[in-house]
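K.L.:
This one is coords.cif, mmCIF, C-alpha atoms.
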```cif
data_entry
loop_
_atom_site.label_atom_id
_atom_site.label_comp_id
_atom_site.auth_asym_id
_atom_site.auth_seq_id
_atom_site.Cartn_x
_atom_site.Cartn_y
_atom_site.Cartn_z
CA MET A 195 57.89 36.63 132.28
CA PRO A 196 54.96 34.63 130.88
CA ARG A 197 51.62 35.25 132.59
CA PHE A 198 49.65 32.07 133.16
CA ALA A 199 45.85 31.96 133.08
CA ALA A 200 43.97 29.01 134.52
CA ASN A 201 41.34 27.58 132.20
CA LEU A 202 38.36 27.36 134.56
CA SER A 203 36.41 25.09 132.24
CA LEU A 204 39.00 22.30 132.55
CA LEU A 205 40.88 23.09 135.77
CA PHE A 206 39.56 23.10 139.35
CA THR A 207 36.52 21.07 138.32
CA GLU A 208 36.61 19.60 141.83
CA VAL A 209 34.51 22.62 142.83
CA PRO A 210 31.48 24.35 141.22
CA PHE A 211 32.24 26.77 138.38
CA LEU A 212 31.77 29.99 140.33
CA ASP A 213 34.08 28.74 143.10
CA ARG A 214 36.94 28.08 140.69
CA PHE A 215 38.02 31.72 140.55
CA ALA A 216 38.95 31.72 144.23
CA ALA A 217 40.55 28.28 143.91
CA ALA A 218 42.77 29.46 141.05
CA ALA A 219 43.77 32.61 142.91
CA ALA A 220 44.67 30.57 145.98
CA CYS A 221 47.13 28.60 143.83
CA GLY A 222 48.83 31.79 142.64
CA PHE A 223 47.14 32.45 139.30
CA LYS A 224 46.59 36.09 138.37
CA GLY A 225 44.52 35.37 135.27
CA CYS A 226 41.93 32.94 133.99
CA GLU A 227 40.20 31.94 130.78
CA ILE A 228 36.78 30.37 130.28
CA GLN A 229 35.56 28.34 127.34
CA PHE A 230 31.88 29.28 127.66
CA PRO A 231 30.78 31.54 130.53
CA TYR A 232 27.17 31.72 129.37
CA LEU A 233 25.66 29.23 131.82
CA ALA A 234 26.15 31.80 134.60
CA ASP A 235 25.01 35.40 134.80
CA ALA A 236 27.56 37.80 133.29
CA ASN A 237 27.49 40.13 136.28
CA GLU A 238 28.03 37.23 138.70
CA VAL A 239 30.93 35.82 136.71
CA GLY A 240 32.54 39.26 136.53
CA ASP A 241 32.12 39.76 140.27
CA LYS A 242 33.71 36.40 141.08
CA ALA A 243 36.71 37.20 138.90
CA ALA A 244 37.12 40.66 140.42
CA MET A 245 36.80 39.37 143.99
CA ALA A 246 39.49 36.77 143.31
CA GLY A 247 41.75 39.35 141.67
CA LEU A 248 41.82 37.43 138.38
CA LYS A 249 42.00 39.00 134.94
CA VAL A 250 39.70 37.21 132.49
CA SER A 251 42.03 36.86 129.53
CA MET A 252 39.90 35.00 126.98
CA PHE A 253 36.56 33.30 126.35
CA ASN A 254 34.76 31.87 123.32
CA ALA A 255 31.91 33.46 121.45
CA PRO A 256 28.71 31.35 121.51
CA PRO A 257 29.36 28.13 119.51
CA GLY A 258 25.84 27.28 118.42
CA ASP A 259 24.28 24.08 119.78
CA TRP A 260 27.20 22.26 121.38
CA ALA A 261 25.09 19.24 122.33
CA LYS A 262 24.28 18.70 118.64
CA GLY A 263 27.93 18.83 117.64
CA GLU A 264 28.17 22.47 116.61
CA ARG A 265 31.56 24.02 117.28
CA GLY A 266 31.11 27.62 116.20
CA LEU A 267 29.23 29.42 113.46
CA ALA A 268 31.70 31.71 111.71
CA ALA A 269 32.36 29.46 108.70
CA VAL A 270 29.00 27.68 108.54
CA PRO A 271 27.04 28.64 105.40
CA GLY A 272 23.49 29.81 106.01
CA ARG A 273 24.03 30.75 109.65
CA GLN A 274 25.27 34.31 109.11
CA ASP A 275 22.34 36.02 110.84
CA GLU A 276 22.64 33.76 113.87
CA PHE A 277 26.39 34.36 113.99
CA ARG A 278 25.92 38.13 114.04
CA GLU A 279 23.31 37.90 116.77
CA SER A 280 25.63 35.77 118.87
CA LEU A 281 28.23 38.54 118.88
CA ASP A 282 25.90 40.76 120.90
CA LEU A 283 25.92 38.20 123.72
CA ALA A 284 29.71 37.87 123.54
CA ILE A 285 30.14 41.65 123.75
CA HIS A 286 27.77 41.76 126.73
CA TYR A 287 29.88 39.20 128.61
CA ALA A 288 33.15 40.89 127.63
CA ASP A 289 31.89 44.09 129.23
CA PHE A 290 30.97 42.47 132.55
CA LEU A 291 34.04 40.24 132.62
CA ASP A 292 36.41 43.09 131.72
CA CYS A 293 37.87 40.88 128.98
CA ASP A 294 39.42 42.50 125.91
CA GLN A 295 39.62 39.55 123.50
CA ILE A 296 37.17 36.94 122.25
CA HIS A 297 37.85 33.69 120.43
CA ILE A 298 35.49 33.15 117.51
CA MET A 299 35.15 29.50 116.56
CA ALA A 300 34.99 28.61 112.87
CA GLY A 301 32.70 25.62 113.21
CA VAL A 302 32.34 22.16 111.70
CA VAL A 303 31.76 22.21 107.95
CA PRO A 304 31.35 19.28 105.50
CA GLU A 305 34.32 19.09 103.13
CA GLU A 306 32.13 19.61 100.07
CA GLN A 307 31.16 23.05 101.44
CA TRP A 308 34.68 24.27 102.22
CA GLU A 309 34.95 26.61 99.25
CA GLU A 310 31.72 28.38 100.16
CA ALA A 311 32.63 28.21 103.84
CA PHE A 312 35.87 30.12 103.28
CA ASP A 313 33.98 33.07 101.80
CA VAL A 314 31.44 32.94 104.65
CA TYR A 315 34.29 32.76 107.18
CA LEU A 316 36.01 35.85 105.80
CA GLU A 317 32.73 37.75 105.63
CA ASN A 318 31.77 36.89 109.20
CA LEU A 319 35.21 37.59 110.61
CA ALA A 320 35.34 40.96 108.87
CA TYR A 321 31.96 41.81 110.39
CA ALA A 322 33.10 40.64 113.83
CA CYS A 323 36.32 42.62 113.65
CA ASP A 324 34.48 45.79 112.71
CA GLU A 325 31.85 45.31 115.43
CA LEU A 326 34.32 44.43 118.16
CA ALA A 327 36.72 47.20 117.19
CA GLY A 328 34.06 49.66 118.28
CA GLU A 329 34.18 48.00 121.72
CA LYS A 330 38.01 47.96 121.72
CA LEU A 331 38.01 44.17 121.61
CA LYS A 332 40.37 41.80 119.82
CA VAL A 333 39.10 38.95 117.66
CA CYS A 334 41.07 35.71 117.89
CA ILE A 335 40.92 32.60 115.69
CA GLU A 336 42.34 29.25 116.77
CA PRO A 337 43.46 26.35 114.58
CA ILE A 338 42.18 23.12 116.19
CA ASN A 339 43.44 19.67 115.27
CA PRO A 340 40.87 17.46 113.48
CA GLY A 341 41.55 14.52 115.75
CA ASP A 342 40.08 16.34 118.72
CA MET A 343 37.43 18.17 116.69
CA PRO A 344 36.61 16.28 113.46
CA GLY A 345 35.47 18.45 110.60
CA TYR A 346 36.60 21.71 112.18
CA PHE A 347 37.17 24.26 109.44
CA LEU A 348 40.45 25.84 110.65
CA THR A 349 43.13 23.31 111.54
CA ARG A 350 46.60 24.65 110.67
CA PRO A 351 48.40 27.74 111.98
CA ASP A 352 49.60 28.58 108.47
CA ASP A 353 45.95 28.69 107.34
CA ALA A 354 45.20 31.12 110.15
CA LEU A 355 47.97 33.37 108.82
CA THR A 356 46.30 33.27 105.39
CA VAL A 357 43.05 34.47 106.96
CA LEU A 358 44.84 37.33 108.70
CA ASP A 359 46.48 38.32 105.41
CA GLN A 360 43.18 38.20 103.53
CA LEU A 361 41.33 40.41 105.99
CA ASP A 362 44.04 42.82 107.17
CA ARG A 363 42.14 43.89 110.30
CA LYS A 364 44.19 45.46 113.08
CA ASN A 365 42.21 43.70 115.81
CA LEU A 366 42.38 40.20 114.30
CA PHE A 367 44.91 37.82 115.89
CA ILE A 368 45.77 34.17 116.33
CA LEU A 369 45.04 32.16 119.44
CA TYR A 370 48.02 29.83 119.22
CA ASP A 371 47.33 26.58 121.06
CA LEU A 372 50.64 24.73 121.17
CA TYR A 373 48.96 21.37 121.72
CA HIS A 374 46.86 21.64 118.56
CA ALA A 375 49.70 23.23 116.59
CA GLN A 376 52.18 20.48 117.42
CA ILE A 377 49.73 17.82 116.24
CA THR A 378 48.83 19.49 112.94
CA GLN A 379 51.95 21.35 111.89
CA GLY A 380 54.84 21.34 114.38
CA GLY A 381 57.62 23.91 114.10
CA ILE A 382 56.45 25.60 117.29
CA THR A 383 59.47 27.78 118.06
CA ASP A 384 59.87 28.86 114.42
CA PHE A 385 56.22 29.89 114.26
CA LEU A 386 56.48 31.79 117.53
CA GLU A 387 59.62 33.63 116.50
CA GLY A 388 58.22 34.54 113.11
CA ASN A 389 54.69 35.53 114.10
CA LEU A 390 54.64 36.65 117.72
CA ASP A 391 53.24 40.04 116.73
CA ARG A 392 50.20 38.27 115.24
CA ILE A 393 49.54 36.11 118.30
CA ALA A 394 47.36 37.61 121.04
CA HIS A 395 46.96 34.54 123.23
CA ILE A 396 48.75 31.21 123.73
CA GLN A 397 47.44 27.98 125.21
CA VAL A 398 49.42 24.99 126.46
CA ALA A 399 48.83 21.31 127.17
CA GLY A 400 50.95 18.20 127.12
CA VAL A 401 51.39 16.40 123.81
CA PRO A 402 49.99 13.90 122.98
CA GLY A 403 47.67 13.35 125.95
CA ARG A 404 46.49 16.94 126.53
CA ASN A 405 47.39 16.62 130.19
CA GLU A 406 49.77 18.81 132.21
CA PRO A 407 52.42 20.51 130.04
CA ASP A 408 55.23 18.98 132.05
CA ALA A 409 58.24 16.75 131.44
CA LEU A 410 56.03 13.98 130.07
CA SER A 411 55.12 16.15 127.06
CA GLU A 412 57.04 15.84 123.82
CA LEU A 413 57.33 19.64 123.80
CA ASN A 414 60.10 21.31 125.80
CA TYR A 415 57.86 23.76 127.59
CA PRO A 416 60.48 25.39 129.87
CA TYR A 417 62.44 26.29 126.73
CA ILE A 418 59.30 27.75 125.14
CA TYR A 419 58.46 29.82 128.24
CA ASN A 420 61.98 31.23 128.32
CA LEU A 421 61.69 31.99 124.60
CA LEU A 422 58.45 33.90 125.19
CA ASP A 423 60.06 35.77 128.06
CA ALA A 424 63.12 36.70 126.00
CA SER A 425 60.93 37.74 123.04
CA GLY A 426 58.90 40.15 125.14
CA TYR A 427 55.56 38.35 124.73
CA LYS A 428 52.96 40.45 126.55
CA GLY A 429 49.90 38.18 126.27
CA TRP A 430 48.63 35.43 128.52
CA VAL A 431 49.47 31.72 128.43
CA GLY A 432 46.25 29.81 128.98
CA CYS A 433 46.48 26.49 130.81
CA GLU A 434 43.90 24.55 128.81
CA TYR A 435 44.57 20.94 129.68
CA LYS A 436 42.95 17.93 131.35
CA PRO A 437 44.57 17.23 134.73
CA ARG A 438 45.62 13.63 135.33
CA GLY A 439 44.24 13.87 138.86
CA LYS A 440 43.36 16.74 141.16
CA THR A 441 44.16 20.10 139.62
CA GLU A 442 46.29 21.40 142.50
CA THR A 443 48.37 18.23 142.65
CA GLY A 444 49.27 18.61 138.98
CA LEU A 445 50.43 22.24 139.21
CA LYS A 446 54.05 21.41 140.04
CA TRP A 447 55.07 22.33 136.48
CA VAL A 448 53.91 25.94 136.86
CA ARG A 449 54.58 26.78 140.53
CA GLU A 450 58.00 28.30 139.91
CA TRP A 451 56.49 30.62 137.29
CA LEU A 452 53.54 31.61 139.48
CA GLU A 453 55.91 32.47 142.31
CA LYS A 454 58.14 34.76 140.23
#
```
Take the structure I supplied and represent it as C-alpha coordinates, if you would.
P.N.:
Amino acid sequence: MPRFAANLSLLFTEVPFLDRFAAAAACGFKGCEIQFPYLADANEVGDKAAMAGLKVSMFNAPPGDWAKGERGLAAVPGRQDEFRESLDLAIHYADFLDCDQIHIMAGVVPEEQWEEAFDVYLENLAYACDELAGEKLKVCIEPINPGDMPGYFLTRPDDALTVLDQLDRKNLFILYDLYHAQITQGGITDFLEGNLDRIAHIQVAGVPGRNEPDALSELNYPYIYNLLDASGYKGWVGCEYKPRGKTETGLKWVREWLEK
(Lines of atoms letter the chains of each structure in order from A and count residues from 1; the text may use other names and numbers.)
(Lines give C-alpha, C1' and ligand atoms only; values in the text may rest on other atoms or scores of the structure.)
Protein backbone atom coordinates (compact mmCIF):
# COMPACT_ATOMS: atom_id res chain seq x y z
CA MET A 1 0.00 0.00 0.00
CA PRO A 2 1.17 3.60 -0.49
CA ARG A 3 3.46 4.93 2.23
CA PHE A 4 2.63 8.49 3.23
CA ALA A 5 5.28 10.97 4.37
CA ALA A 6 4.30 14.15 6.18
CA ASN A 7 5.87 17.28 4.75
CA LEU A 8 7.19 18.91 7.92
CA SER A 9 7.74 22.27 6.24
CA LEU A 10 4.00 22.70 5.56
CA LEU A 11 2.30 20.36 8.05
CA PHE A 12 2.27 20.57 11.86
CA THR A 13 3.38 24.20 11.76
CA GLU A 14 1.40 24.65 14.97
CA VAL A 15 4.58 23.51 16.75
CA PRO A 16 8.29 24.38 16.27
CA PHE A 17 10.10 22.56 13.47
CA LEU A 18 11.99 20.07 15.62
CA ASP A 19 8.78 19.09 17.44
CA ARG A 20 6.99 18.21 14.22
CA PHE A 21 8.63 14.80 13.93
CA ALA A 22 6.96 13.57 17.11
CA ALA A 23 3.68 15.23 16.12
CA ALA A 24 3.65 13.44 12.76
CA ALA A 25 4.49 10.10 14.36
CA ALA A 26 1.68 10.56 16.87
CA CYS A 27 -0.76 10.86 13.95
CA GLY A 28 0.44 7.58 12.45
CA PHE A 29 2.98 8.72 9.86
CA LYS A 30 5.99 6.47 9.34
CA GLY A 31 7.84 8.85 7.03
CA CYS A 32 8.45 12.54 6.53
CA GLU A 33 9.91 14.94 3.99
CA ILE A 34 11.44 18.36 4.53
CA GLN A 35 11.79 21.17 2.04
CA PHE A 36 14.92 22.72 3.57
CA PRO A 37 16.39 21.21 6.75
CA TYR A 38 19.38 23.55 6.81
CA LEU A 39 18.16 25.96 9.49
CA ALA A 40 18.72 23.22 12.09
CA ASP A 41 21.81 21.17 12.82
CA ALA A 42 21.98 18.01 10.70
CA ASN A 43 22.73 15.78 13.67
CA GLU A 44 19.80 17.21 15.65
CA VAL A 45 17.37 16.80 12.76
CA GLY A 46 18.51 13.21 12.25
CA ASP A 47 18.11 12.45 15.95
CA LYS A 48 14.58 13.86 16.04
CA ALA A 49 13.57 11.75 13.06
CA ALA A 50 15.11 8.60 14.54
CA MET A 51 13.52 9.17 17.95
CA ALA A 52 10.11 9.57 16.32
CA GLY A 53 10.63 6.47 14.17
CA LEU A 54 10.24 8.45 10.94
CA LYS A 55 12.08 7.74 7.71
CA VAL A 56 13.21 10.97 6.04
CA SER A 57 12.15 10.27 2.47
CA MET A 58 13.15 13.46 0.65
CA PHE A 59 14.58 16.95 1.03
CA ASN A 60 15.75 19.69 -1.33
CA ALA A 61 19.33 20.60 -2.11
CA PRO A 62 20.20 24.20 -1.14
CA PRO A 63 18.20 26.58 -3.40
CA GLY A 64 20.44 29.63 -3.35
CA ASP A 65 19.10 32.80 -1.73
CA TRP A 66 15.40 32.06 -1.24
CA ALA A 67 14.67 35.52 0.18
CA LYS A 68 15.91 37.08 -3.07
CA GLY A 69 13.68 34.85 -5.18
CA GLU A 70 16.16 32.11 -6.05
CA ARG A 71 14.58 28.69 -6.42
CA GLY A 72 17.53 26.44 -7.12
CA LEU A 73 20.79 26.72 -9.02
CA ALA A 74 21.00 23.73 -11.35
CA ALA A 75 19.90 25.55 -14.52
CA VAL A 76 21.17 29.03 -13.69
CA PRO A 77 24.04 30.07 -15.99
CA GLY A 78 27.15 31.32 -14.21
CA ARG A 79 26.38 29.64 -10.90
CA GLN A 80 27.97 26.25 -11.63
CA ASP A 81 30.68 26.50 -8.96
CA GLU A 82 28.17 27.51 -6.31
CA PHE A 83 25.87 24.67 -7.35
CA ARG A 84 28.63 22.10 -6.98
CA GLU A 85 29.60 23.45 -3.57
CA SER A 86 25.98 23.24 -2.42
CA LEU A 87 25.94 19.51 -3.11
CA ASP A 88 28.48 18.94 -0.34
CA LEU A 89 26.03 20.38 2.19
CA ALA A 90 23.18 18.28 0.80
CA ILE A 91 25.28 15.11 1.05
CA HIS A 92 26.20 16.00 4.63
CA TYR A 93 22.53 16.29 5.60
CA ALA A 94 21.58 13.13 3.72
CA ASP A 95 24.11 11.21 5.80
CA PHE A 96 22.80 12.46 9.15
CA LEU A 97 19.15 12.20 8.12
CA ASP A 98 19.58 8.70 6.66
CA CYS A 99 17.86 9.93 3.49
CA ASP A 100 18.65 8.26 0.17
CA GLN A 101 17.26 10.78 -2.32
CA ILE A 102 17.64 14.52 -2.86
CA HIS A 103 15.54 16.87 -4.96
CA ILE A 104 17.67 19.26 -7.00
CA MET A 105 15.79 22.41 -7.97
CA ALA A 106 16.34 23.82 -11.45
CA GLY A 107 15.92 27.47 -10.56
CA VAL A 108 14.35 30.57 -12.04
CA VAL A 109 15.82 31.55 -15.41
CA PRO A 110 14.87 34.45 -17.74
CA GLU A 111 13.30 33.14 -20.94
CA GLU A 112 16.02 34.65 -23.11
CA GLN A 113 18.57 32.41 -21.33
CA TRP A 114 16.66 29.14 -21.65
CA GLU A 115 18.80 27.70 -24.44
CA GLU A 116 22.00 28.23 -22.45
CA ALA A 117 20.23 27.16 -19.27
CA PHE A 118 19.32 23.77 -20.74
CA ASP A 119 22.98 22.97 -21.38
CA VAL A 120 23.92 24.17 -17.88
CA TYR A 121 21.09 22.09 -16.40
CA LEU A 122 22.26 18.90 -18.11
CA GLU A 123 25.87 19.56 -17.12
CA ASN A 124 25.01 20.20 -13.48
CA LEU A 125 22.64 17.26 -13.21
CA ALA A 126 25.21 14.92 -14.73
CA TYR A 127 27.75 16.14 -12.17
CA ALA A 128 25.24 15.72 -9.34
CA CYS A 129 24.29 12.22 -10.43
CA ASP A 130 27.91 11.14 -10.58
CA GLU A 131 28.72 12.69 -7.19
CA LEU A 132 25.65 11.33 -5.44
CA ALA A 133 26.01 7.89 -6.99
CA GLY A 134 29.19 7.51 -4.98
CA GLU A 135 27.09 8.10 -1.85
CA LYS A 136 24.35 5.72 -3.07
CA LEU A 137 21.92 8.62 -3.37
CA LYS A 138 19.19 9.24 -5.93
CA VAL A 139 18.83 12.57 -7.72
CA CYS A 140 15.26 13.75 -8.29
CA ILE A 141 13.96 16.57 -10.48
CA GLU A 142 10.48 18.04 -10.08
CA PRO A 143 8.40 19.92 -12.66
CA ILE A 144 6.77 22.89 -10.89
CA ASN A 145 3.89 24.87 -12.34
CA PRO A 146 4.76 28.47 -13.32
CA GLY A 147 1.74 29.88 -11.54
CA ASP A 148 3.15 28.92 -8.17
CA MET A 149 6.77 29.55 -9.15
CA PRO A 150 7.02 32.05 -12.04
CA GLY A 151 10.02 31.61 -14.28
CA TYR A 152 10.90 28.15 -12.97
CA PHE A 153 12.91 26.33 -15.62
CA LEU A 154 11.28 22.87 -15.45
CA THR A 155 7.49 22.95 -15.59
CA ARG A 156 6.14 19.89 -17.45
CA PRO A 157 6.51 16.20 -16.63
CA ASP A 158 7.18 15.41 -20.29
CA ASP A 159 10.14 17.82 -20.19
CA ALA A 160 11.48 15.96 -17.16
CA LEU A 161 11.35 12.74 -19.20
CA THR A 162 13.40 14.46 -21.91
CA VAL A 163 16.05 15.32 -19.33
CA LEU A 164 16.17 11.73 -18.11
CA ASP A 165 16.55 10.51 -21.70
CA GLN A 166 19.32 13.00 -22.43
CA LEU A 167 21.40 12.06 -19.40
CA ASP A 168 20.72 8.33 -19.03
CA ARG A 169 21.90 8.18 -15.40
CA LYS A 170 20.71 5.22 -13.35
CA ASN A 171 20.22 7.33 -10.22
CA LEU A 172 18.24 10.14 -11.88
CA PHE A 173 14.47 10.07 -11.30
CA ILE A 174 11.36 12.23 -11.35
CA LEU A 175 9.73 13.67 -8.27
CA TYR A 176 6.15 13.61 -9.55
CA ASP A 177 4.03 16.20 -7.75
CA LEU A 178 0.46 15.49 -8.80
CA TYR A 179 -0.69 19.01 -7.92
CA HIS A 180 1.84 20.66 -10.22
CA ALA A 181 1.40 18.01 -12.91
CA GLN A 182 -2.37 18.39 -13.05
CA ILE A 183 -2.05 22.15 -13.52
CA THR A 184 0.59 22.02 -16.27
CA GLN A 185 -0.14 18.83 -18.17
CA GLY A 186 -2.87 16.59 -16.74
CA GLY A 187 -3.09 12.94 -17.76
CA ILE A 188 -2.04 11.85 -14.28
CA THR A 189 -2.97 8.16 -14.41
CA ASP A 190 -1.56 7.72 -17.93
CA PHE A 191 1.74 9.26 -16.86
CA LEU A 192 1.90 7.09 -13.75
CA GLU A 193 1.14 3.90 -15.64
CA GLY A 194 3.66 4.68 -18.36
CA ASN A 195 6.53 5.97 -16.24
CA LEU A 196 6.31 4.53 -12.75
CA ASP A 197 9.77 3.01 -13.06
CA ARG A 198 11.18 6.52 -13.59
CA ILE A 199 9.41 8.05 -10.59
CA ALA A 200 11.18 7.81 -7.23
CA HIS A 201 8.87 10.02 -5.18
CA ILE A 202 5.30 11.32 -5.45
CA GLN A 203 3.72 14.35 -3.79
CA VAL A 204 0.03 15.15 -3.39
CA ALA A 205 -2.14 18.19 -2.71
CA GLY A 206 -5.65 19.23 -3.60
CA VAL A 207 -6.22 20.89 -6.97
CA PRO A 208 -6.62 23.80 -7.43
CA GLY A 209 -6.15 25.17 -3.90
CA ARG A 210 -3.14 23.08 -2.80
CA ASN A 211 -4.99 22.14 0.37
CA GLU A 212 -5.80 18.63 1.63
CA PRO A 213 -5.99 16.05 -1.20
CA ASP A 214 -9.52 15.09 -0.26
CA ALA A 215 -12.94 14.99 -1.91
CA LEU A 216 -12.79 18.73 -2.65
CA SER A 217 -9.92 18.17 -5.09
CA GLU A 218 -10.59 17.75 -8.79
CA LEU A 219 -8.32 14.70 -8.71
CA ASN A 220 -9.75 11.34 -7.61
CA TYR A 221 -7.05 10.59 -5.09
CA PRO A 222 -8.48 7.31 -3.68
CA TYR A 223 -8.43 5.93 -7.23
CA ILE A 224 -4.81 7.08 -7.66
CA TYR A 225 -3.72 5.50 -4.35
CA ASN A 226 -5.32 2.21 -5.33
CA LEU A 227 -3.60 2.44 -8.72
CA LEU A 228 -0.23 2.94 -7.03
CA ASP A 229 -0.94 0.01 -4.74
CA ALA A 230 -1.94 -2.26 -7.62
CA SER A 231 1.10 -1.17 -9.66
CA GLY A 232 3.53 -2.07 -6.91
CA TYR A 233 4.84 1.46 -6.32
CA LYS A 234 7.55 1.19 -3.66
CA GLY A 235 8.32 4.88 -3.06
CA TRP A 236 6.81 7.38 -0.67
CA VAL A 237 3.83 9.68 -1.20
CA GLY A 238 4.72 13.06 0.25
CA CYS A 239 1.91 15.12 1.74
CA GLU A 240 3.02 18.55 0.57
CA TYR A 241 -0.05 20.72 1.00
CA LYS A 242 -1.31 23.73 2.95
CA PRO A 243 -3.84 22.67 5.59
CA ARG A 244 -7.09 24.63 5.64
CA GLY A 245 -6.91 24.71 9.43
CA LYS A 246 -5.06 22.69 12.04
CA THR A 247 -3.03 19.90 10.50
CA GLU A 248 -4.47 17.09 12.60
CA THR A 249 -8.05 18.15 11.92
CA GLY A 250 -7.44 17.93 8.18
CA LEU A 251 -5.96 14.41 8.21
CA LYS A 252 -9.30 12.63 7.80
CA TRP A 253 -8.44 11.90 4.15
CA VAL A 254 -5.38 9.82 5.06
CA ARG A 255 -6.31 8.13 8.36
CA GLU A 256 -7.59 4.94 6.75
CA TRP A 257 -4.29 4.58 4.88
CA LEU A 258 -2.16 5.30 7.94
CA GLU A 259 -4.05 2.68 9.91
CA LYS A 260 -3.57 -0.11 7.34
K.L.:
Could you expand the PyMOL selection byres ((chain A and resi 442) around 12) into the explicit residues it covers here, written as a count of residues only?
P.N.:
27
K.L.:
Taking the file above as input, evaluate the PyMOL selection byres ((chain A and resi 286) around 12) and report the hits as an MDAnalysis selection string.
P.N.:
chainID A and resid 231:232 235:237 240 255:256 279:285 287:294 296 326 329 331
K.L.:
Looking at A:Tyr346, A:Phe277, A:Tyr373, A:Trp430, which one is nearest to Asn318 of chain A, with distances taken over all atoms listed in the file?
P.N.:
A:Phe277
K.L.:
Check which residues satisfy the PyMOL selection byres ((chain A and resi 393-396) around 9) in the file shown, then give them as a PyMOL selection string.
P.N.:
chain A and resi 251-252+295+332+334+366-372+386+389-392+397-398+428-433
K.L.:
Under the rule that only C-alpha atoms are counted, which of A:Ile382, A:Met343, A:Met195, A:Leu248 is the nearest residue to Met299 of chain A?
P.N.:
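Checking each of A:Ile382, A:Met343, A:Met195, A:Leu248 against Met299 of chain A, counting only C-alpha atoms, the winner is A:Met343.
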K.L.:
Could you check which of A:Gln307, A:Gln360, A:Thr383, A:Gln274 is closest to Tyr419 of chain A, using all atoms listed in the file?
P.N.:
A:Thr383
K.L.:
Nearest to Val270 of chain A among A:Val333, A:Leu319, A:Val239, A:Ile228, with distances taken over only C-alpha atoms: which residue is it?
P.N.:
A:Leu319
K.L.:
Between A:Val250, A:Gly301, A:Glu238, A:Val314, which has the minimum distance to Asp275 of chain A (counting all atoms listed in the file)?
P.N.:
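Using all atoms listed in the file, Asp275 of chain A sits closest to A:Val314.
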K.L.:
From the list A:Leu348, A:Ala399, A:Leu233, A:Ala300, which residue is nearest Glu264 of chain A when using only C-alpha atoms?
P.N.:
A:Ala300
K.L.:
If I take atom CA of Ala311 of chain A and atom CA of Glu434 of chain A, how far is one from the other in Å, to one decimal?
P.N.:
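Separation between atom CA of Ala311 of chain A and atom CA of Glu434 of chain A: 27.6 Å.
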